[in-house]
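K.L.:
Structure file data_4.txt (compact mmCIF, C-alpha atoms and all ligand atoms) is given on the next line.
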```
# COMPACT_ATOMS: atom_id res chain seq x y z
CA MET A 8 148.20 110.72 54.67
CA LYS A 9 145.23 112.22 52.80
CA LYS A 10 141.99 112.51 54.80
CA LEU A 11 139.21 109.93 54.42
CA ASN A 12 136.27 110.90 52.25
CA ILE A 13 134.19 107.71 52.47
CA GLY A 14 130.91 109.06 53.82
CA ILE A 15 131.65 108.40 57.50
CA PRO A 16 132.71 111.38 59.65
CA GLU A 17 136.40 111.02 60.41
CA LYS A 18 135.90 111.05 64.16
CA ASN A 19 133.41 108.17 63.87
CA ALA A 20 135.80 106.17 61.68
CA GLN A 21 138.54 106.70 64.25
CA ALA A 22 136.27 105.72 67.14
CA ILE A 23 135.37 102.47 65.37
CA ALA A 24 139.00 101.79 64.54
CA LYS A 25 140.06 102.32 68.16
CA ARG A 26 137.53 99.76 69.28
CA LEU A 27 138.78 97.40 66.57
CA ASN A 28 142.26 97.71 68.08
CA GLY A 29 140.71 96.32 71.28
CA LEU A 30 139.31 93.38 69.35
CA LEU A 31 142.70 92.91 67.68
CA ALA A 32 144.32 92.68 71.12
CA ASN A 33 141.98 89.92 72.24
CA GLN A 34 142.24 87.97 68.99
CA TYR A 35 146.02 88.15 69.28
CA ARG A 36 145.90 86.94 72.86
CA LEU A 37 143.62 84.07 71.88
CA TYR A 38 145.95 83.24 68.97
CA THR A 39 148.91 83.10 71.36
CA LYS A 40 147.00 80.97 73.84
CA THR A 41 146.01 78.54 71.09
CA LEU A 42 149.62 78.29 69.88
CA LYS A 43 150.86 77.54 73.38
CA PHE A 44 148.33 74.74 73.76
CA HIS A 45 149.18 73.41 70.27
CA TRP A 46 152.79 73.13 71.41
CA ASN A 47 152.17 71.66 74.86
CA ILE A 48 149.13 69.39 74.52
CA GLU A 49 149.73 65.90 75.96
CA GLY A 50 147.75 62.70 76.35
CA PRO A 51 146.00 60.09 74.22
CA PHE A 52 144.31 62.73 72.03
CA PHE A 53 147.55 64.52 71.22
CA GLY A 54 147.28 64.02 67.44
CA PRO A 55 143.76 65.35 66.77
CA LEU A 56 143.98 68.17 69.36
CA HIS A 57 147.42 69.29 68.15
CA ALA A 58 145.86 69.48 64.65
CA LEU A 59 142.63 71.16 65.83
CA PHE A 60 144.57 73.87 67.67
CA LYS A 61 146.70 74.43 64.58
CA ASP A 62 143.60 74.83 62.44
CA ASN A 63 142.24 77.34 64.98
CA TYR A 64 145.38 79.46 65.28
CA GLU A 65 145.65 79.64 61.50
CA GLN A 66 142.07 80.96 61.31
CA LEU A 67 142.79 83.42 64.13
CA PHE A 68 145.93 84.65 62.39
CA THR A 69 143.92 85.46 59.26
CA MET A 70 141.34 87.30 61.39
CA ILE A 71 144.07 89.31 63.15
CA ASP A 72 145.46 90.49 59.82
CA THR A 73 141.97 91.36 58.56
CA ILE A 74 141.17 93.43 61.66
CA ALA A 75 144.52 95.27 61.64
CA GLU A 76 144.10 96.16 57.97
CA ARG A 77 140.56 97.40 58.63
CA VAL A 78 141.95 99.68 61.35
CA ARG A 79 144.31 101.10 58.70
CA ALA A 80 141.50 101.52 56.19
CA LEU A 81 139.65 103.59 58.80
CA GLY A 82 142.59 105.92 59.07
CA ILE A 83 144.48 105.15 62.28
CA VAL A 84 147.53 103.08 63.17
CA SER A 85 146.91 99.50 64.23
CA ILE A 86 148.47 98.39 67.48
CA GLY A 87 151.04 95.66 67.08
CA THR A 88 153.19 95.11 70.14
CA LEU A 89 152.87 92.51 72.85
CA SER A 90 152.61 95.22 75.51
CA GLU A 91 149.66 96.84 73.68
CA PHE A 92 147.97 93.47 73.22
CA GLY A 93 148.52 92.92 76.94
CA LYS A 94 147.09 96.29 77.94
CA GLN A 95 144.12 96.38 75.58
CA GLY A 96 143.04 92.74 75.79
CA ASN A 97 141.37 90.86 78.62
CA ILE A 98 141.67 87.22 77.51
CA LYS A 99 143.21 85.45 80.49
CA GLU A 100 146.60 83.76 80.34
CA GLU A 101 147.92 81.01 82.57
CA PRO A 102 151.67 81.65 82.64
CA GLY A 103 153.72 78.80 84.08
CA LYS A 104 150.83 76.36 83.88
CA ASN A 105 150.16 73.56 81.42
CA PRO A 106 146.53 72.50 81.83
CA LYS A 107 145.24 69.00 80.97
CA ASP A 108 143.71 68.52 77.52
CA GLN A 109 140.05 69.00 78.57
CA ALA A 110 140.97 72.11 80.58
CA MET A 111 142.84 73.51 77.57
CA ILE A 112 139.73 73.09 75.43
CA ALA A 113 137.53 74.72 78.08
CA LEU A 114 139.93 77.69 78.41
CA LEU A 115 140.07 78.17 74.65
CA LEU A 116 136.28 77.99 74.44
CA GLU A 117 135.97 80.60 77.17
CA GLY A 118 138.29 82.87 75.15
CA HIS A 119 136.37 82.36 71.92
CA GLU A 120 133.07 83.08 73.66
CA LEU A 121 134.47 86.31 75.13
CA VAL A 122 135.62 87.38 71.66
CA ILE A 123 132.25 86.43 70.14
CA ARG A 124 130.47 88.70 72.63
CA GLN A 125 132.96 91.47 71.85
CA ILE A 126 132.41 91.08 68.09
CA ARG A 127 128.65 91.21 68.69
CA ASP A 128 129.05 94.55 70.49
CA GLU A 129 131.19 95.88 67.63
CA ILE A 130 128.62 94.71 65.09
CA ASP A 131 125.99 96.82 66.88
CA TYR A 132 128.34 99.79 67.19
CA SER A 133 129.45 99.75 63.54
CA ALA A 134 125.81 99.47 62.42
CA LYS A 135 124.90 102.46 64.55
CA MET A 136 127.78 104.41 62.96
CA GLY A 137 126.76 103.41 59.43
CA ASP A 138 130.09 101.63 58.85
CA LEU A 139 128.93 98.86 56.54
CA GLY A 140 132.46 97.71 55.68
CA THR A 141 133.36 96.97 59.29
CA ASN A 142 129.91 95.57 59.93
CA ASN A 143 130.23 93.11 57.06
CA MET A 144 133.73 92.06 58.12
CA LEU A 145 132.53 91.40 61.66
CA CYS A 146 129.39 89.52 60.55
CA ASP A 147 131.61 87.11 58.59
CA MET A 148 133.99 86.86 61.52
CA ILE A 149 131.37 86.05 64.15
CA GLU A 150 130.03 83.19 62.05
CA GLN A 151 133.51 81.71 61.63
CA GLN A 152 134.30 82.17 65.31
CA GLU A 153 131.03 80.60 66.45
CA LYS A 154 131.91 77.57 64.33
CA MET A 155 135.31 77.26 66.02
CA ALA A 156 133.59 77.61 69.41
CA TRP A 157 131.09 74.87 68.52
CA MET A 158 133.87 72.46 67.57
CA LEU A 159 135.76 73.12 70.80
CA ARG A 160 132.54 72.77 72.83
CA ALA A 161 131.80 69.45 71.11
CA HIS A 162 135.09 68.05 72.46
CA LEU A 163 134.15 68.69 76.09
CA THR A 164 133.01 65.67 78.07
CA LYS A 165 131.10 67.77 80.61
FE FE B 201 153.03 73.27 64.74
```
Could you rewrite the structure in this file as structure tokens?

P.N.:
Amino acid sequence: MKKLNIGIPEKNAQAIAKRLNGLLANQYRLYTKTLKFHWNIEGPFFGPLHALFKDNYEQLFTMIDTIAERVRALGIVSIGTLSEFGKQGNIKEEPGKNPKDQAMIALLLEGHELVIRQIRDEIDYSAKMGDLGTNNMLCDMIEQQEKMAWMLRAHLTK
């Protein structure tokens, strides 16, 4: 494909995009975790939590697509396999376990907060690199993600 000529040195654009692939991995892992809990939630709050988790995974899916397409716009290939998401992400999974509803919420919140800190780092990095497009995308994303985190946090009884 033709080289980028967007006012950011190509090696900087690629460095940013590589880091965005790392964010993509964690958002994908959080998406998967949220789906699993949407499917397996039990208890008296099944209805509202099943719906809340659905709302969250739909938002995460949109974010995943936005990040992957930004990686492309910066000139490299976006990752997109489960093994890459596994290698490049560090959101924890609990295979073989089905936590209680409050524990599910706490685990999801922990994941969102990890991602929020990661986005904050990438906001600083993209600003330093003069990549306003990525910076703007991430500033919108952090606000949306902090809102999801607030709503999960508000469900916790302790
Ligand atoms: Fe569903």

K.L.:
Check the smallest atom-to-atom distance from each of A:Arg79, A:Arg26, A:Lys61, A:Lys43 to ligand FE 201 (chain B) using all atoms listed in the file, then report the winner.

P.N.:
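Once distances to ligand FE 201 (chain B) are computed over all atoms listed in the file, the minimum belongs to A:Lys61.
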
K.L.:
Go ahead and find all residues with at least one atom no further than 10 Å from (136.9, 82.3, 65.3) in the file's coordinates, using only C-alpha atoms; report them as a compact mmCIF listing (two decimals) with C-alpha atoms, in the frame of the given file.

P.N.:
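File selection-v2.txt, as written:
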```txt
# COMPACT_ATOMS: atom_id res chain seq x y z
CA GLN A 34 142.24 87.97 68.99
CA LEU A 37 143.62 84.07 71.88
CA TYR A 38 145.95 83.24 68.97
CA ASN A 63 142.24 77.34 64.98
CA TYR A 64 145.38 79.46 65.28
CA GLU A 65 145.65 79.64 61.50
CA GLN A 66 142.07 80.96 61.31
CA LEU A 67 142.79 83.42 64.13
CA PHE A 68 145.93 84.65 62.39
CA THR A 69 143.92 85.46 59.26
CA MET A 70 141.34 87.30 61.39
CA GLY A 118 138.29 82.87 75.15
CA HIS A 119 136.37 82.36 71.92
CA GLU A 120 133.07 83.08 73.66
CA VAL A 122 135.62 87.38 71.66
CA ILE A 123 132.25 86.43 70.14
CA ASP A 147 131.61 87.11 58.59
CA MET A 148 133.99 86.86 61.52
CA ILE A 149 131.37 86.05 64.15
CA GLU A 150 130.03 83.19 62.05
CA GLN A 151 133.51 81.71 61.63
CA GLN A 152 134.30 82.17 65.31
CA GLU A 153 131.03 80.60 66.45
CA LYS A 154 131.91 77.57 64.33
CA MET A 155 135.31 77.26 66.02
CA ALA A 156 133.59 77.61 69.41
CA TRP A 157 131.09 74.87 68.52
```

K.L.:
Which distance in Å separates CA of Glu49 (chain A) and CA of Leu163 (chain A), to one decimal?

P.N.:
15.8 Å

K.L.:
Taking the point (140.2, 100.9, 66.4) as given in the file, collect each protein or nucleic acid residue that comes within 10 Å of it, counting only C-alpha atoms, and present the set as a PyMOL selection string.

P.N.:
chain A and resi 20-31+74-75+77-79+81-86

K.L.:
Selected residues, C-alpha atoms, written as a PDB file, in the frame of the given file, please.

P.N.:
```
ATOM      1  CA  ALA A  20     135.800 106.170  61.680  1.00  0.00           C
ATOM      2  CA  GLN A  21     138.540 106.700  64.250  1.00  0.00           C
ATOM      3  CA  ALA A  22     136.270 105.720  67.140  1.00  0.00           C
ATOM      4  CA  ILE A  23     135.370 102.470  65.370  1.00  0.00           C
ATOM      5  CA  ALA A  24     139.000 101.790  64.540  1.00  0.00           C
ATOM      6  CA  LYS A  25     140.060 102.320  68.160  1.00  0.00           C
ATOM      7  CA  ARG A  26     137.530  99.760  69.280  1.00  0.00           C
ATOM      8  CA  LEU A  27     138.780  97.400  66.570  1.00  0.00           C
ATOM      9  CA  ASN A  28     142.260  97.710  68.080  1.00  0.00           C
ATOM     10  CA  GLY A  29     140.710  96.320  71.280  1.00  0.00           C
ATOM     11  CA  LEU A  30     139.310  93.380  69.350  1.00  0.00           C
ATOM     12  CA  LEU A  31     142.700  92.910  67.680  1.00  0.00           C
ATOM     13  CA  ILE A  74     141.170  93.430  61.660  1.00  0.00           C
ATOM     14  CA  ALA A  75     144.520  95.270  61.640  1.00  0.00           C
ATOM     15  CA  ARG A  77     140.560  97.400  58.630  1.00  0.00           C
ATOM     16  CA  VAL A  78     141.950  99.680  61.350  1.00  0.00           C
ATOM     17  CA  ARG A  79     144.310 101.100  58.700  1.00  0.00           C
ATOM     18  CA  LEU A  81     139.650 103.590  58.800  1.00  0.00           C
ATOM     19  CA  GLY A  82     142.590 105.920  59.070  1.00  0.00           C
ATOM     20  CA  ILE A  83     144.480 105.150  62.280  1.00  0.00           C
ATOM     21  CA  VAL A  84     147.530 103.080  63.170  1.00  0.00           C
ATOM     22  CA  SER A  85     146.910  99.500  64.230  1.00  0.00           C
ATOM     23  CA  ILE A  86     148.470  98.390  67.480  1.00  0.00           C
TER      24      ILE A  86
END
```

K.L.:
Please measure the separation of CA of His45 (chain A) and CA of His57 (chain A), giving the value in Å to one decimal.

P.N.:
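That distance, rounded to one decimal, is 5.0 Å.
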
K.L.:
CA of Ala161 (chain A) and CA of Arg124 (chain A) are how many Å apart?

P.N.:
19.4 Å

K.L.:
For each of A:Asn97, A:Thr164, A:Ser133, A:Gln109, take the minimum atom-to-atom distance to Phe53 (chain A), counting only C-alpha atoms, then give the residue where this is smallest.

P.N.:
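Going through A:Asn97, A:Thr164, A:Ser133, A:Gln109 one by one, the smallest distance to Phe53 (chain A) is for A:Gln109.
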
K.L.:
Here is a test: counting all atoms listed in the file, which residue of A:Phe60, A:Ala110, A:Leu145, A:Met158 is nearest to ligand FE 201 (chain B)?

P.N.:
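For ligand FE 201 (chain B), the nearest of the candidates is A:Phe60.
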
K.L.:
Name all residues at most 10 Å from Phe44 (chain A) (count all atoms listed in the file; drop same-chain ones fewer than 3 positions away) and give them as a compact mmCIF listing (two decimals) with C-alpha atoms, in the coordinates of the input.

P.N.:
```txt
# COMPACT_ATOMS: atom_id res chain seq x y z
CA THR A 39 148.91 83.10 71.36
CA LYS A 40 147.00 80.97 73.84
CA THR A 41 146.01 78.54 71.09
CA ASN A 47 152.17 71.66 74.86
CA ILE A 48 149.13 69.39 74.52
CA GLU A 49 149.73 65.90 75.96
CA LEU A 56 143.98 68.17 69.36
CA HIS A 57 147.42 69.29 68.15
CA PHE A 60 144.57 73.87 67.67
CA LYS A 61 146.70 74.43 64.58
CA ASN A 105 150.16 73.56 81.42
CA PRO A 106 146.53 72.50 81.83
CA LYS A 107 145.24 69.00 80.97
CA ASP A 108 143.71 68.52 77.52
CA MET A 111 142.84 73.51 77.57
CA ILE A 112 139.73 73.09 75.43
CA LEU A 115 140.07 78.17 74.65
```

K.L.:
Which of these, A:Ala58, A:Cys146, A:Ala134, A:Leu159, has the shortest distance to ligand FE 201 (chain B) once you count all atoms listed in the file?

P.N.:
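Selected residue with least distance to ligand FE 201 (chain B): A:Ala58.
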
K.L.:
Would you please work out which residue, of A:Ile130, A:Leu59, A:Ile71, A:Met136, is nearest to Phe92 (chain A) when using all atoms listed in the file?

P.N.:
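Checking each candidate against Phe92 (chain A), we get A:Ile71 as the closest.
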
K.L.:
For ligand FE 201 (chain B), which residue among A:Ala80, A:Ala32, A:Met8, A:Asp62 is the nearest when counting all atoms listed in the file?

P.N.:
A:Asp62
